[in-house]
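Here is the structure we will look at.
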Amino acid sequence: MKKVLLLSIFFLLLLLLTACGGKISKDIEINSNSPSNLYTEKEILDAIKVTEKYFKKEFSGCTLTSIAYAGDEKSLQNLDFAERIGGNEVIVLTSSFDVDESGGDGSLNPNSTYSNWMWILARKDGGKWKHVDHGY
């Protein structure tokens, strides 16, 4: 009896965990080849991957539809965010995403689309990008 109960609880938890989080559209528009004097296309793609991972984990009820590098100027304007992680480089991405009827975690407008949503990532001396902040 205990085994059946434990297995039932395990499968229930597994179901709950897989139901959480945001989704990445199958038709997502990724623009990583914007001209940059700061970052290579690979560095931009690495930042996009970090952002997608964060989105999947934290944006339940939302679907990411596009993501792009915001440009060198925008990244340089936000260098102060690097201090939060002891870093010295910042990259800013912009995205669009759709919110379902749940309103995500309740802080977003249900059944809406958010555009030009900023993602700020930072790193130290060419290391791995870390999510620092997001929003408008």
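Naming scheme: A, B, ... for chains in displayed order of the structure tokens; residues 1 onward per chain; ligands 1 onward as shown.
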
What residues in range 3-128 of chain A get the DSSP label helix (DSSP H, G or I)? Please answer as a PyMOL selection string.
chain A and resi 3-19+41-58+72-77+79-85

Contacts of range 118-128 of chain A within 7 Å, only C-alpha atoms, excl. fewer than 2 positions in-chain, as number ranges by chain:
A: 82, 86-95, 116, 130-136

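Residue nearest Tyr114 in chain A, chosen from A:Ser102, A:Thr51, A:Ser34, A:Ser96 and counting only C-alpha atoms: A:Ser96.
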
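For the choices A:Ser107, A:Thr113, A:Thr65, A:Gln77, the atom-to-atom distance to Lys26 in chain A is smallest for A:Thr65 when using only C-alpha atoms.
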
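Using only C-alpha atoms, the smallest distance between any of A:Ser32, A:Asn78, A:Ser60, A:Ser115 and Ile48 in chain A comes from A:Ser32.
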